[in-house]
Amino acid sequence: MKVVVTGAAGFIGSHVSHRLLDRGDTVVGIDNLNDYYDVALKKARLARLTERSGFDFKLIDIADKPAMDQVMSGERPDRIVHLAAQAGVRYSLENPYAYIDANVIGFLNILEAARSIGTEHLVYASTSSVYGSNTNMPFSVHDNVDHPVSLYAATKKSNELMAHTYSHLFGIPCTGLRFFTVYGPWGRPDMALFLFTRKMLAGEPIDVFNYGHHRRDFTYIDDIVEGVVRVLDQPAEANPEWSGDNPDPHSSSAPYRLYNIGSNNPVDLMRYIEVLEETLGVEAQKNFLPLQPGDVPDTFADVDDLVRDVGYQPDTPVEVGIQNFVAWYKAYHQIDHIAHNV
């Protein structure tokens, strides 16, 4: 297939692109290489892709409608994996307009492109953050999610609603994936594992929010990628059992689906830090702080629907995932030796 992957220089997007290339698909990667975090890391991810046959890169901002229309009409991909977004809960408190531009206007451009070329399947990134004030665990795609606690989450919830509208009006098969705390090699510098590793190696204290009383459904990147590709290969279909009398958010009378994609195995933040300490051989200096605005204490994904529908089976424990990340981090930053002080 020919697949457009937006956010191709991003963490998940670059891994998904490699996986599609590995099996012989043609990938058109789109990214604007913005400076939300280290552009050098994005370019390093991209360099590994551009040296591969079957990959073509377009430096485009998804909020730029003329540029998006030109690429999509010219390439006419079979399917679209939309992973480009302005990410981050905390940054949405500082720069809300960036989220509307990328996550709302940008997504509208994706939907319009999908409609004009008649794509076979649009798979797009949502987030566990949409669960917001929900406390019923594990989080289920069958539950209502109308109480987001960050603008980031609200824009992602809007993506789910917009996708349903286009699916209903134009018959576009759309599947949304609510990602749960993805980590691993080539990860994002603003995520906990990257931040903790950098600070611990520099001898700096790490910020531990909610006084360490977080649980997160940490999900290793390889498990995520496998799930994304399996979903891509199975276009959303209308649910003949769906009823407006008892509307299930997970599906629709339109070709529309929503799934959680996580590990289904929440880990205490303090255990996560402990595994990192053991792997690095460095004891962390911990700066315990209260829960941050926009954050939720716990995430826990019910992935039964994804397991049932596409055979999704996350199986990477944090002990292995963190070890793989540290090995990559040391190689990427050319760190030969770490002093052991545990």
# chains A, B, ... in the order shown; residues from 1 in each chain; ligands from 1
call {"tool": "closest_atom_pairs", "arguments": {"of": "range 183-253 of chain A", "to": "range 283-288 of chain A", "cutoff": "9 Å", "atoms": "only C-alpha atoms", "output": "tab-separated table"}}
result
residue	atom	partner	partner_atom	distance
A:Phe196	CA	A:Ala284	CA	8.3
A:Lys199	CA	A:Ala284	CA	8.5
A:Met200	CA	A:Ala284	CA	5.8
A:Gly203	CA	A:Gln285	CA	7.9
A:Glu204	CA	A:Gln285	CA	7.0
A:Pro205	CA	A:Gln285	CA	4.5
A:Ile206	CA	A:Lys286	CA	5.2
A:Asp207	CA	A:Asn287	CA	4.8
A:Val208	CA	A:Phe288	CA	4.8
A:Phe209	CA	A:Phe288	CA	6.0
A:Asn210	CA	A:Phe288	CA	7.3
A:Tyr211	CA	A:Phe288	CA	4.8
A:Gly212	CA	A:Phe288	CA	6.9
call {"tool": "select_by_dssp", "arguments": {"residues": "range 158-313 of chain A", "states": "alpha helix (DSSP H)", "output": "PyMOL selection string"}}
result
chain A and resi 158-170+192-201+221-232+269-280+304-310
call {"tool": "residues_around", "arguments": {"residues": "Lys43 in chain A", "least_positions_apart": "5", "cutoff": "10 Å", "atoms": "only C-alpha atoms", "output": "PyMOL selection string"}}
result
chain A and resi 9-10+33+38+48-49
call {"tool": "write_last_selection", "arguments": {"atoms": "C-alpha atoms", "output": "compact mmCIF listing (two decimals), in the first residue's frame"}}
result
# COMPACT_ATOMS: atom_id res chain seq x y z
CA ALA A 9 9.69 12.57 12.32
CA GLY A 10 7.95 12.09 15.65
CA LEU A 33 9.81 19.68 12.27
CA ASP A 38 14.78 19.14 20.16
CA ARG A 48 17.15 6.89 9.37
CA LEU A 49 13.96 6.91 7.29
call {"tool": "closest_residue", "arguments": {"among": "A:Tyr152, A:Phe57, A:Tyr220, A:Tyr332", "to": "Val104 in chain A", "atoms": "only C-alpha atoms"}}
result
A:Tyr152
call {"tool": "residues_around", "arguments": {"residues": "Val28 in chain A", "least_positions_apart": "6", "cutoff": "8 Å", "atoms": "only C-alpha atoms", "output": "list in words"}}
result
Lys2, Val3, Val4, Val5, Phe55, Asp56, Phe57 and Lys58 of chain A
call {"tool": "residues_around", "arguments": {"residues": "Asp101 in chain A", "least_positions_apart": "3", "cutoff": "9 Å", "atoms": "only C-alpha atoms", "output": "PyMOL selection string"}}
result
chain A and resi 62-63+86+97-98+104-107
call {"tool": "atom_distance", "arguments": {"atom1": "CA of Glu274 in chain A", "atom2": "CA of His333 in chain A"}}
result
22.3 Å
call {"tool": "select_by_dssp", "arguments": {"residues": "range 117-342 of chain A", "states": "strand (DSSP E or B)", "output": "ChimeraX atom specification"}}
result
/A:121-127,139,174-179,182-183,206-208,215-216,219-220,256-261,267-268,286-288,298,301
call {"tool": "write_last_selection", "arguments": {"atoms": "N, CA and C atoms", "output": "short mmCIF file (atom, residue, chain, number, x, y, z; two decimals), in the first residue's frame"}}
result
data_model
loop_
_atom_site.label_atom_id
_atom_site.label_comp_id
_atom_site.auth_asym_id
_atom_site.auth_seq_id
_atom_site.Cartn_x
_atom_site.Cartn_y
_atom_site.Cartn_z
N HIS A 121 -8.95 4.05 4.58
CA HIS A 121 -8.97 4.01 6.04
C HIS A 121 -8.12 5.16 6.58
N LEU A 122 -8.68 5.89 7.52
CA LEU A 122 -7.94 6.92 8.26
C LEU A 122 -7.81 6.45 9.70
N VAL A 123 -6.57 6.25 10.12
CA VAL A 123 -6.28 5.91 11.52
C VAL A 123 -5.63 7.14 12.13
N TYR A 124 -6.14 7.60 13.26
CA TYR A 124 -5.63 8.85 13.84
C TYR A 124 -5.38 8.68 15.34
N ALA A 125 -4.48 9.50 15.85
CA ALA A 125 -4.10 9.45 17.25
C ALA A 125 -5.06 10.26 18.10
N SER A 126 -5.65 9.59 19.08
CA SER A 126 -6.31 10.29 20.18
C SER A 126 -5.41 10.09 21.40
N THR A 127 -5.96 10.17 22.59
CA THR A 127 -5.11 10.10 23.78
C THR A 127 -5.89 9.62 25.00
N PHE A 139 -10.04 2.45 32.27
CA PHE A 139 -10.74 3.32 31.34
C PHE A 139 -11.27 2.50 30.16
N CYS A 174 -12.96 5.53 9.68
CA CYS A 174 -12.08 6.24 10.60
C CYS A 174 -11.92 5.45 11.89
N THR A 175 -10.69 5.28 12.33
CA THR A 175 -10.42 4.62 13.60
C THR A 175 -9.52 5.51 14.45
N GLY A 176 -9.98 5.83 15.66
CA GLY A 176 -9.19 6.61 16.59
C GLY A 176 -8.54 5.72 17.63
N LEU A 177 -7.29 6.00 17.94
CA LEU A 177 -6.54 5.23 18.93
C LEU A 177 -6.16 6.13 20.10
N ARG A 178 -6.65 5.76 21.28
CA ARG A 178 -6.31 6.52 22.49
C ARG A 178 -5.02 5.94 23.09
N PHE A 179 -3.91 6.62 22.83
CA PHE A 179 -2.60 6.14 23.29
C PHE A 179 -2.43 6.36 24.79
N VAL A 182 3.25 6.23 25.98
CA VAL A 182 4.16 5.44 25.16
C VAL A 182 5.61 5.80 25.50
N TYR A 183 6.47 4.79 25.58
CA TYR A 183 7.88 5.03 25.88
C TYR A 183 8.75 4.06 25.09
N ILE A 206 15.09 14.84 40.15
CA ILE A 206 13.95 14.68 39.24
C ILE A 206 12.67 15.14 39.94
N ASP A 207 11.77 15.74 39.18
CA ASP A 207 10.48 16.17 39.73
C ASP A 207 9.51 15.00 39.70
N VAL A 208 8.99 14.65 40.87
CA VAL A 208 8.05 13.54 41.00
C VAL A 208 6.70 14.12 41.43
N ARG A 215 -0.10 6.27 38.89
CA ARG A 215 0.00 4.99 38.19
C ARG A 215 -0.23 5.28 36.71
N ARG A 216 0.63 4.72 35.88
CA ARG A 216 0.53 4.96 34.45
C ARG A 216 0.54 3.64 33.68
N THR A 219 3.35 2.00 28.01
CA THR A 219 3.24 1.07 26.89
C THR A 219 4.46 1.19 26.00
N TYR A 220 5.14 0.07 25.77
CA TYR A 220 6.38 0.07 25.00
C TYR A 220 6.09 0.30 23.52
N TYR A 256 -16.87 3.62 11.83
CA TYR A 256 -16.16 4.42 12.84
C TYR A 256 -15.85 3.54 14.04
N ARG A 257 -14.61 3.64 14.52
CA ARG A 257 -14.22 2.87 15.71
C ARG A 257 -13.30 3.71 16.59
N LEU A 258 -13.34 3.44 17.89
CA LEU A 258 -12.41 4.00 18.86
C LEU A 258 -11.83 2.86 19.68
N TYR A 259 -10.54 2.92 19.92
CA TYR A 259 -9.88 1.90 20.74
C TYR A 259 -8.91 2.54 21.73
N ASN A 260 -8.79 1.94 22.89
CA ASN A 260 -7.65 2.20 23.76
C ASN A 260 -6.48 1.39 23.24
N ILE A 261 -5.28 1.97 23.27
CA ILE A 261 -4.09 1.20 22.95
C ILE A 261 -3.07 1.46 24.05
N VAL A 267 1.54 0.71 36.08
CA VAL A 267 2.73 0.57 36.92
C VAL A 267 2.82 1.80 37.82
N ASP A 268 3.11 1.59 39.09
CA ASP A 268 3.32 2.72 40.00
C ASP A 268 4.52 3.52 39.52
N LYS A 286 15.02 12.81 44.48
CA LYS A 286 13.61 13.03 44.13
C LYS A 286 13.08 14.31 44.75
N ASN A 287 12.48 15.13 43.90
CA ASN A 287 11.84 16.37 44.33
C ASN A 287 10.32 16.15 44.26
N PHE A 288 9.70 15.81 45.38
CA PHE A 288 8.28 15.47 45.40
C PHE A 288 7.43 16.74 45.35
N ASP A 298 -4.07 8.68 37.71
CA ASP A 298 -3.87 7.31 37.23
C ASP A 298 -4.40 7.14 35.81
N ALA A 301 -5.70 1.24 30.91
CA ALA A 301 -6.43 1.01 29.67
C ALA A 301 -7.12 -0.34 29.67
#
call {"tool": "residues_around", "arguments": {"residues": "Asp223 in chain A", "least_positions_apart": "4", "cutoff": "8 Å", "atoms": "only C-alpha atoms", "output": "list in words"}}
result
Thr219, Gly227, Gln313, Pro314, Asp315 and Thr316 of chain A
call {"tool": "write_last_selection", "arguments": {"atoms": "C-alpha atoms", "output": "short mmCIF file (atom, residue, chain, number, x, y, z; two decimals), in the first residue's frame"}}
result
data_model
loop_
_atom_site.label_atom_id
_atom_site.label_comp_id
_atom_site.auth_asym_id
_atom_site.auth_seq_id
_atom_site.Cartn_x
_atom_site.Cartn_y
_atom_site.Cartn_z
CA THR A 219 3.24 1.07 26.89
CA GLY A 227 -1.34 -2.36 17.35
CA GLN A 313 -1.24 -8.37 22.53
CA PRO A 314 1.12 -6.01 24.40
CA ASP A 315 3.78 -8.10 26.10
CA THR A 316 6.83 -5.92 26.90
#
call {"tool": "closest_residue", "arguments": {"among": "A:Leu289, A:Arg52, A:Ile30, A:His250", "to": "His164 in chain A", "atoms": "only C-alpha atoms"}}
result
A:His250
call {"tool": "atom_distance", "arguments": {"atom1": "CA of His213 in chain A", "atom2": "CA of Leu291 in chain A"}}
result
9.0 Å
call {"tool": "residues_around", "arguments": {"residues": "Pro96 in chain A", "least_positions_apart": "5", "cutoff": "12 Å", "atoms": "only C-alpha atoms", "output": "PyMOL selection string"}}
result
chain A and resi 86-91+101-104+150-155
call {"tool": "decode", "arguments": {"residues": "range 164-175 of chain A", "atoms": "all heavy atoms", "output": "CSV table (one decimal), in the first residue's frame"}}
result
chain,number,residue,atom,x,y,z
A,164,HIS,N,-16.1,11.2,13.5
A,164,HIS,CA,-17.4,10.6,13.4
A,164,HIS,C,-18.3,11.3,12.4
A,164,HIS,O,-19.0,10.7,11.6
A,164,HIS,CB,-18.1,10.5,14.8
A,164,HIS,CG,-19.4,9.8,14.6
A,164,HIS,ND1,-20.6,10.5,14.5
A,164,HIS,CD2,-19.7,8.5,14.6
A,164,HIS,CE1,-21.6,9.6,14.3
A,164,HIS,NE2,-21.1,8.4,14.4
A,165,THR,N,-18.3,12.6,12.4
A,165,THR,CA,-19.1,13.4,11.5
A,165,THR,C,-18.7,13.1,10.1
A,165,THR,O,-19.6,12.8,9.2
A,165,THR,CB,-18.9,14.9,11.8
A,165,THR,OG1,-19.2,15.2,13.1
A,165,THR,CG2,-19.7,15.7,10.9
A,166,TYR,N,-17.4,13.1,9.8
A,166,TYR,CA,-17.0,12.8,8.4
A,166,TYR,C,-17.3,11.3,8.0
A,166,TYR,O,-17.6,11.0,6.9
A,166,TYR,CB,-15.5,13.1,8.2
A,166,TYR,CG,-15.3,14.5,7.8
A,166,TYR,CD1,-15.6,15.6,8.6
A,166,TYR,CD2,-14.9,14.8,6.5
A,166,TYR,CE1,-15.5,16.9,8.2
A,166,TYR,CE2,-14.7,16.2,6.1
A,166,TYR,CZ,-15.0,17.2,6.9
A,166,TYR,OH,-14.8,18.5,6.5
A,167,SER,N,-17.2,10.4,9.0
A,167,SER,CA,-17.5,9.0,8.7
A,167,SER,C,-19.0,8.9,8.4
A,167,SER,O,-19.4,8.2,7.5
A,167,SER,CB,-17.1,8.2,10.0
A,167,SER,OG,-17.3,6.8,9.7
A,168,HIS,N,-19.8,9.6,9.2
A,168,HIS,CA,-21.2,9.5,9.0
A,168,HIS,C,-21.7,10.2,7.7
A,168,HIS,O,-22.5,9.6,6.9
A,168,HIS,CB,-21.9,10.2,10.2
A,168,HIS,CG,-23.4,10.4,10.0
A,168,HIS,ND1,-24.3,9.4,10.1
A,168,HIS,CD2,-24.1,11.5,9.6
A,168,HIS,CE1,-25.5,9.9,9.9
A,168,HIS,NE2,-25.4,11.2,9.6
A,169,LEU,N,-21.1,11.4,7.4
A,169,LEU,CA,-21.6,12.1,6.2
A,169,LEU,C,-21.0,11.5,4.9
A,169,LEU,O,-21.7,11.5,3.9
A,169,LEU,CB,-21.1,13.6,6.3
A,169,LEU,CG,-21.8,14.4,7.4
A,169,LEU,CD1,-21.2,15.8,7.5
A,169,LEU,CD2,-23.3,14.6,7.0
A,170,PHE,N,-19.7,11.1,4.9
A,170,PHE,CA,-19.1,10.8,3.7
A,170,PHE,C,-18.6,9.3,3.6
A,170,PHE,O,-18.0,8.9,2.6
A,170,PHE,CB,-17.9,11.7,3.5
A,170,PHE,CG,-18.2,13.2,3.6
A,170,PHE,CD1,-17.7,13.9,4.6
A,170,PHE,CD2,-19.1,13.7,2.7
A,170,PHE,CE1,-18.0,15.3,4.7
A,170,PHE,CE2,-19.4,15.1,2.8
A,170,PHE,CZ,-18.9,15.9,3.8
A,171,GLY,N,-18.9,8.5,4.6
A,171,GLY,CA,-18.6,7.1,4.6
A,171,GLY,C,-17.1,6.8,4.7
A,171,GLY,O,-16.6,5.8,4.3
A,172,ILE,N,-16.3,7.7,5.3
A,172,ILE,CA,-14.9,7.5,5.4
A,172,ILE,C,-14.6,6.6,6.6
A,172,ILE,O,-15.0,6.9,7.8
A,172,ILE,CB,-14.2,8.9,5.7
A,172,ILE,CG1,-14.4,9.8,4.5
A,172,ILE,CG2,-12.7,8.6,5.8
A,172,ILE,CD1,-14.0,11.3,4.8
A,173,PRO,N,-14.0,5.4,6.4
A,173,PRO,CA,-13.7,4.6,7.5
A,173,PRO,C,-12.6,5.3,8.4
A,173,PRO,O,-11.5,5.6,8.0
A,173,PRO,CB,-13.1,3.3,6.9
A,173,PRO,CG,-13.6,3.3,5.5
A,173,PRO,CD,-13.7,4.8,5.1
A,174,CYS,N,-13.0,5.5,9.7
A,174,CYS,CA,-12.1,6.2,10.6
A,174,CYS,C,-11.9,5.4,11.9
A,174,CYS,O,-12.9,5.0,12.5
A,174,CYS,CB,-12.7,7.6,11.0
A,174,CYS,SG,-12.7,8.8,9.6
A,175,THR,N,-10.7,5.3,12.3
A,175,THR,CA,-10.4,4.6,13.6
A,175,THR,C,-9.5,5.5,14.4
A,175,THR,O,-8.4,5.9,14.0
A,175,THR,CB,-9.7,3.3,13.4
A,175,THR,OG1,-10.6,2.4,12.6
A,175,THR,CG2,-9.5,2.6,14.7
